[in-house]
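Shown below: work_29.pdb, with PDB, C-alpha atoms.
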```pdb
MODEL        1
ATOM      1  CA  MET A  94       0.000   0.000   0.000  1.00  0.00           C
ATOM      2  CA  LEU A  95       2.802   2.462   0.875  1.00  0.00           C
ATOM      3  CA  ARG A  96       4.523   1.657  -2.414  1.00  0.00           C
ATOM      4  CA  GLU A  97       1.251   2.409  -4.231  1.00  0.00           C
ATOM      5  CA  PHE A  98       1.024   5.830  -2.538  1.00  0.00           C
ATOM      6  CA  VAL A  99       4.482   6.668  -3.863  1.00  0.00           C
ATOM      7  CA  GLU A 100       3.881   5.258  -7.362  1.00  0.00           C
ATOM      8  CA  LYS A 101       0.612   7.184  -7.743  1.00  0.00           C
ATOM      9  CA  LYS A 102       2.141  10.368  -6.279  1.00  0.00           C
ATOM     10  CA  HIS A 103      -0.468  10.281  -3.512  1.00  0.00           C
ATOM     11  CA  THR A 104       1.828  11.627  -0.788  1.00  0.00           C
ATOM     12  CA  VAL A 105       2.240  14.930   1.055  1.00  0.00           C
ATOM     13  CA  TYR A 106       4.806  15.877   3.707  1.00  0.00           C
ATOM     14  CA  ALA A 107       4.320  19.077   5.696  1.00  0.00           C
ATOM     15  CA  GLN A 108       5.639  20.828   8.778  1.00  0.00           C
ATOM     16  CA  SER A 109       2.356  22.219  10.123  1.00  0.00           C
ATOM     17  CA  PHE A 110      -1.013  23.748   9.308  1.00  0.00           C
ATOM     18  CA  PRO A 111      -2.858  26.693  10.894  1.00  0.00           C
ATOM     19  CA  ASN A 112      -5.989  24.568  11.443  1.00  0.00           C
ATOM     20  CA  TRP A 113      -7.571  21.218  10.643  1.00  0.00           C
ATOM     21  CA  GLU A 114      -9.539  22.547   7.651  1.00  0.00           C
ATOM     22  CA  VAL A 115      -6.340  23.573   5.858  1.00  0.00           C
ATOM     23  CA  ALA A 116      -4.782  20.230   6.790  1.00  0.00           C
ATOM     24  CA  ILE A 117      -7.697  18.346   5.211  1.00  0.00           C
ATOM     25  CA  GLN A 118      -7.419  20.474   2.072  1.00  0.00           C
ATOM     26  CA  ALA A 119      -3.709  19.603   1.837  1.00  0.00           C
ATOM     27  CA  ALA A 120      -4.367  15.911   2.549  1.00  0.00           C
ATOM     28  CA  CYS A 121      -6.844  15.869  -0.349  1.00  0.00           C
ATOM     29  CA  GLY A 122      -4.348  17.597  -2.663  1.00  0.00           C
ATOM     30  CA  PRO A 123      -2.922  14.536  -4.436  1.00  0.00           C
ATOM     31  CA  LEU A 124      -6.414  13.183  -5.152  1.00  0.00           C
ATOM     32  CA  LEU A 125      -7.506  16.568  -6.505  1.00  0.00           C
ATOM     33  CA  LYS A 126      -4.393  16.799  -8.653  1.00  0.00           C
ATOM     34  CA  ASP A 127      -4.954  13.467 -10.408  1.00  0.00           C
ATOM     35  CA  GLY A 128      -8.715  13.936 -10.834  1.00  0.00           C
ATOM     36  CA  SER A 129      -9.764  11.275  -8.324  1.00  0.00           C
ATOM     37  CA  ILE A 130     -11.869  13.900  -6.527  1.00  0.00           C
ATOM     38  CA  GLU A 131     -13.240  17.396  -7.105  1.00  0.00           C
ATOM     39  CA  PRO A 132     -13.198  20.362  -4.689  1.00  0.00           C
ATOM     40  CA  ALA A 133     -16.825  19.543  -3.786  1.00  0.00           C
ATOM     41  CA  TYR A 134     -15.614  16.352  -2.090  1.00  0.00           C
ATOM     42  CA  VAL A 135     -13.061  18.263  -0.020  1.00  0.00           C
ATOM     43  CA  GLU A 136     -15.829  20.594   1.151  1.00  0.00           C
ATOM     44  CA  SER A 137     -18.007  17.579   1.946  1.00  0.00           C
ATOM     45  CA  VAL A 138     -15.274  16.070   4.146  1.00  0.00           C
ATOM     46  CA  ILE A 139     -14.798  19.374   5.992  1.00  0.00           C
ATOM     47  CA  GLY A 140     -18.562  19.758   6.351  1.00  0.00           C
ATOM     48  CA  CYS A 141     -18.882  16.272   7.862  1.00  0.00           C
ATOM     49  CA  VAL A 142     -16.212  17.034  10.474  1.00  0.00           C
ATOM     50  CA  LYS A 143     -17.948  20.306  11.333  1.00  0.00           C
ATOM     51  CA  GLU A 144     -21.282  18.500  11.668  1.00  0.00           C
ATOM     52  CA  PHE A 145     -20.216  15.264  13.384  1.00  0.00           C
ATOM     53  CA  GLY A 146     -17.009  16.246  15.171  1.00  0.00           C
ATOM     54  CA  PRO A 147     -13.563  14.733  14.721  1.00  0.00           C
ATOM     55  CA  TYR A 148     -14.822  11.240  13.817  1.00  0.00           C
ATOM     56  CA  ILE A 149     -12.049  10.994  11.244  1.00  0.00           C
ATOM     57  CA  VAL A 150      -9.415  10.727  14.008  1.00  0.00           C
ATOM     58  CA  ILE A 151      -9.507   6.952  14.449  1.00  0.00           C
ATOM     59  CA  ALA A 152      -6.602   6.741  16.928  1.00  0.00           C
ATOM     60  CA  PRO A 153      -4.119   9.182  18.421  1.00  0.00           C
ATOM     61  CA  ASN A 154      -2.014  10.596  15.548  1.00  0.00           C
ATOM     62  CA  ILE A 155      -4.116   8.926  12.820  1.00  0.00           C
ATOM     63  CA  ALA A 156      -6.858  10.591  10.782  1.00  0.00           C
ATOM     64  CA  MET A 157      -8.854   9.234   7.854  1.00  0.00           C
ATOM     65  CA  PRO A 158     -10.517  12.163   6.125  1.00  0.00           C
ATOM     66  CA  HIS A 159     -13.539  10.941   4.175  1.00  0.00           C
ATOM     67  CA  ALA A 160     -17.185  11.517   3.445  1.00  0.00           C
ATOM     68  CA  SER A 161     -19.760   8.863   2.614  1.00  0.00           C
ATOM     69  CA  THR A 162     -19.135   6.280  -0.114  1.00  0.00           C
ATOM     70  CA  GLY A 163     -20.297   7.609  -3.449  1.00  0.00           C
ATOM     71  CA  ALA A 164     -20.196  11.211  -2.195  1.00  0.00           C
ATOM     72  CA  VAL A 165     -20.447  13.999  -4.743  1.00  0.00           C
ATOM     73  CA  GLY A 166     -17.188  14.882  -6.464  1.00  0.00           C
ATOM     74  CA  VAL A 167     -15.555  11.436  -6.296  1.00  0.00           C
ATOM     75  CA  HIS A 168     -14.393   9.829  -9.550  1.00  0.00           C
ATOM     76  CA  LYS A 169     -11.960   7.117  -8.448  1.00  0.00           C
ATOM     77  CA  THR A 170     -11.414   4.835  -5.466  1.00  0.00           C
ATOM     78  CA  HIS A 171      -8.066   5.820  -3.957  1.00  0.00           C
ATOM     79  CA  ILE A 172      -6.278   6.650  -0.710  1.00  0.00           C
ATOM     80  CA  SER A 173      -3.658   9.352  -0.271  1.00  0.00           C
ATOM     81  CA  PHE A 174      -1.114   9.700   2.539  1.00  0.00           C
ATOM     82  CA  MET A 175       0.000  12.849   4.355  1.00  0.00           C
ATOM     83  CA  LYS A 176       2.523  13.128   7.181  1.00  0.00           C
ATOM     84  CA  VAL A 177       2.642  16.300   9.288  1.00  0.00           C
ATOM     85  CA  GLU A 178       5.519  17.030  11.665  1.00  0.00           C
ATOM     86  CA  GLU A 179       3.468  19.093  14.122  1.00  0.00           C
ATOM     87  CA  PRO A 180       0.124  17.636  15.263  1.00  0.00           C
ATOM     88  CA  VAL A 181      -3.080  18.946  13.739  1.00  0.00           C
ATOM     89  CA  HIS A 182      -5.571  19.701  16.526  1.00  0.00           C
ATOM     90  CA  PHE A 183      -9.141  18.648  15.759  1.00  0.00           C
ATOM     91  CA  GLU A 184     -10.294  19.294  19.319  1.00  0.00           C
ATOM     92  CA  PRO A 185      -7.967  21.810  21.013  1.00  0.00           C
ATOM     93  CA  GLY A 186      -6.866  20.696  24.450  1.00  0.00           C
ATOM     94  CA  ASN A 187      -7.668  17.026  23.756  1.00  0.00           C
ATOM     95  CA  PRO A 188      -4.554  15.248  22.437  1.00  0.00           C
ATOM     96  CA  ASP A 189      -6.631  12.149  21.637  1.00  0.00           C
ATOM     97  CA  TYR A 190      -7.908  14.162  18.659  1.00  0.00           C
ATOM     98  CA  ASP A 191      -4.520  15.269  17.349  1.00  0.00           C
ATOM     99  CA  ALA A 192      -3.284  13.765  14.093  1.00  0.00           C
ATOM    100  CA  ARG A 193      -0.001  13.609  12.216  1.00  0.00           C
ATOM    101  CA  LEU A 194      -0.788  10.772   9.782  1.00  0.00           C
ATOM    102  CA  PHE A 195      -3.611  11.346   7.307  1.00  0.00           C
ATOM    103  CA  PHE A 196      -5.065   8.703   5.025  1.00  0.00           C
ATOM    104  CA  THR A 197      -7.624  10.423   2.794  1.00  0.00           C
ATOM    105  CA  LEU A 198     -10.254   8.059   1.440  1.00  0.00           C
ATOM    106  CA  ALA A 199     -12.231   8.479  -1.772  1.00  0.00           C
ATOM    107  CA  ALA A 200     -14.547   5.750  -3.029  1.00  0.00           C
ATOM    108  CA  VAL A 201     -16.854   5.024  -5.923  1.00  0.00           C
ATOM    109  CA  ASP A 202     -16.262   1.252  -5.986  1.00  0.00           C
ATOM    110  CA  SER A 203     -17.401  -0.210  -2.659  1.00  0.00           C
ATOM    111  CA  GLU A 204     -15.583  -3.530  -3.221  1.00  0.00           C
ATOM    112  CA  LYS A 205     -12.241  -1.835  -3.952  1.00  0.00           C
ATOM    113  CA  HIS A 206     -12.869   0.573  -1.059  1.00  0.00           C
ATOM    114  CA  LEU A 207     -13.403  -2.335   1.340  1.00  0.00           C
ATOM    115  CA  GLU A 208     -10.223  -3.988   0.058  1.00  0.00           C
ATOM    116  CA  ASN A 209      -8.318  -0.723   0.634  1.00  0.00           C
ATOM    117  CA  MET A 210      -9.751  -0.413   4.152  1.00  0.00           C
ATOM    118  CA  VAL A 211      -8.686  -3.955   5.060  1.00  0.00           C
ATOM    119  CA  LYS A 212      -5.119  -3.324   3.836  1.00  0.00           C
ATOM    120  CA  LEU A 213      -4.966   0.016   5.631  1.00  0.00           C
ATOM    121  CA  SER A 214      -6.354  -1.442   8.873  1.00  0.00           C
ATOM    122  CA  GLU A 215      -3.862  -4.307   8.821  1.00  0.00           C
ATOM    123  CA  MET A 216      -1.002  -1.881   8.260  1.00  0.00           C
ATOM    124  CA  LEU A 217      -2.101   0.474  11.055  1.00  0.00           C
ATOM    125  CA  MET A 218      -2.480  -2.375  13.552  1.00  0.00           C
ATOM    126  CA  ASN A 219       1.299  -2.791  13.427  1.00  0.00           C
ATOM    127  CA  ASP A 220       2.706  -0.356  16.011  1.00  0.00           C
ATOM    128  CA  GLN A 221       6.166  -0.543  14.407  1.00  0.00           C
ATOM    129  CA  VAL A 222       4.745   0.621  11.079  1.00  0.00           C
ATOM    130  CA  VAL A 223       2.875   3.504  12.733  1.00  0.00           C
ATOM    131  CA  GLU A 224       6.023   4.585  14.606  1.00  0.00           C
ATOM    132  CA  ALA A 225       8.057   4.404  11.387  1.00  0.00           C
ATOM    133  CA  LEU A 226       5.411   6.438   9.522  1.00  0.00           C
ATOM    134  CA  LEU A 227       5.542   9.097  12.252  1.00  0.00           C
ATOM    135  CA  ASP A 228       9.283   9.401  11.532  1.00  0.00           C
ATOM    136  CA  ALA A 229       8.903   9.394   7.716  1.00  0.00           C
ATOM    137  CA  ARG A 230       9.984  12.544   5.925  1.00  0.00           C
ATOM    138  CA  ASN A 231       9.757  11.600   2.232  1.00  0.00           C
ATOM    139  CA  ASP A 232       8.774   8.953  -0.300  1.00  0.00           C
ATOM    140  CA  GLU A 233      12.094   7.123   0.126  1.00  0.00           C
ATOM    141  CA  ASP A 234      11.218   6.616   3.797  1.00  0.00           C
ATOM    142  CA  LEU A 235       7.821   5.170   2.812  1.00  0.00           C
ATOM    143  CA  LEU A 236       9.476   2.721   0.433  1.00  0.00           C
ATOM    144  CA  ARG A 237      11.954   1.706   3.147  1.00  0.00           C
ATOM    145  CA  ILE A 238       9.071   1.130   5.596  1.00  0.00           C
ATOM    146  CA  ALA A 239       7.262  -0.962   2.987  1.00  0.00           C
ATOM    147  CA  ASP A 240      10.380  -3.094   2.467  1.00  0.00           C
ATOM    148  CA  LEU A 241      10.977  -3.518   6.204  1.00  0.00           C
ATOM    149  CA  TYR A 242       7.501  -4.217   7.490  1.00  0.00           C
ATOM    150  CA  LEU A 243       5.040  -4.981   4.711  1.00  0.00           C
TER     151      LEU A 243
ENDMDL
END
```
Would you mind writing the structure in this file as structure tokens?
Amino acid sequence: MLREFVEKKHTVYAQSFPNWEVAIQAACGPLLKDGSIEPAYVESVIGCVKEFGPYIVIAPNIAMPHASTGAVGVHKTHISFMKVEEPVHFEPGNPDYDARLFFTLAAVDSEKHLENMVKLSEMLMNDQVVEALLDARNDEDLLRIADLYL
């Protein structure tokens, strides 16, 4: 999966963001760039977080920006990866809702989406992989992590 992020140019590395909305926009950037999603999908993801709270933070340091399957503005089923050096605060004062690893989900094909989710879940259950991802600074690091752990 990490190798696929690199091959598809679905990666972003950043120092920090002024707020979570800007972070989500940046995390969606690779999918916007290749036409997998449209700006309407980015706005839908941000709108869902505003409405439902930081549900996209699935564990400390890990966020999965997404809206519902088949949401408006989605053309391809893909995941992009973003690593941020400084935590993005979704709920200020509550570090359980800080994130540094972003896996942005876009889906039109529910079967492929489920397959992606299984691979992603398996990868994120490995604490060594998560720790290595938190230290990653570029695509070469992702490829090294893929070779070491996956």
If we count only C-alpha atoms, what is near region 162-171 of chain A at a cut-off of 6 Å, once residues fewer than 3 positions away on the same chain are taken out, given as a compact mmCIF listing (two decimals) with C-alpha atoms, in the frame of the given file?
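Written output follows (around.txt):
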```txt
# COMPACT_ATOMS: atom_id res chain seq x y z
CA SER A 129 -9.76 11.28 -8.32
CA ILE A 130 -11.87 13.90 -6.53
CA GLU A 131 -13.24 17.40 -7.10
CA ALA A 133 -16.82 19.54 -3.79
CA TYR A 134 -15.61 16.35 -2.09
CA ALA A 199 -12.23 8.48 -1.77
CA ALA A 200 -14.55 5.75 -3.03
CA VAL A 201 -16.85 5.02 -5.92
```
| Given only C-alpha atoms as the counted atoms, nearest of A:Glu178, A:Ile172, A:Asp234, A:Thr104 to Lys205 (chain A) | A:Ile172
| Given all atoms listed in the file as the counted atoms, nearest of A:Leu194, A:Leu241, A:Leu236, A:Leu226 to Ser109 (chain A) |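 The shortest atom-to-atom distance to Ser109 (chain A) comes from A:Leu194.
Closest approach to Ser203 (chain A) among A:Ser161, A:Arg230, A:Lys101, A:Asn187: A:Ser161, based on all atoms listed in the file.
Separating CA of Cys141 (chain A) from CA of Ala160 (chain A) is a distance of 6.7 Å.
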| task | Can you give me, as a PyMOL selection string, the residues this file yields under the PyMOL selection byres ((chain A and resi 196) around 8)? | result | chain A and resi 120+155-158+172-175+194-195+197-198
| said: What would the selection look like, as a list in words, if the PyMOL selection byres ((chain A and resi 179) around 7) were run on the coordinates I just shared? | reply: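 Evaluating the PyMOL selection byres ((chain A and resi 179) around 7) on these coordinates yields Gln108, Ser109, Val177, Glu178, Pro180, Val181 and Arg193 of chain A.
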| Which residue gives the smallest distance to Lys212 (chain A) among A:Val150, A:Leu243, A:Val138, A:Leu125, with all atoms listed in the file counted? |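 Of A:Val150, A:Leu243, A:Val138, A:Leu125, the one nearest Lys212 (chain A), counting all atoms listed in the file, is A:Leu243.
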| message | One number please: CA of Ala119 (chain A) to CA of Val105 (chain A), in Å, one decimal. | response | 7.6 Å
| task | Tell me, in Å to one decimal, how far CA of Glu97 (chain A) is from CA of Ile149 (chain A). | result |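 CA of Ile149 (chain A) lies at a distance of 22.1 Å from CA of Glu97 (chain A).
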| request: Could you tell me which of A:Val222, A:Ala192, A:Ile117, A:Ala107 comes closest to Arg237 (chain A) if we count all atoms listed in the file? | output: A:Val222
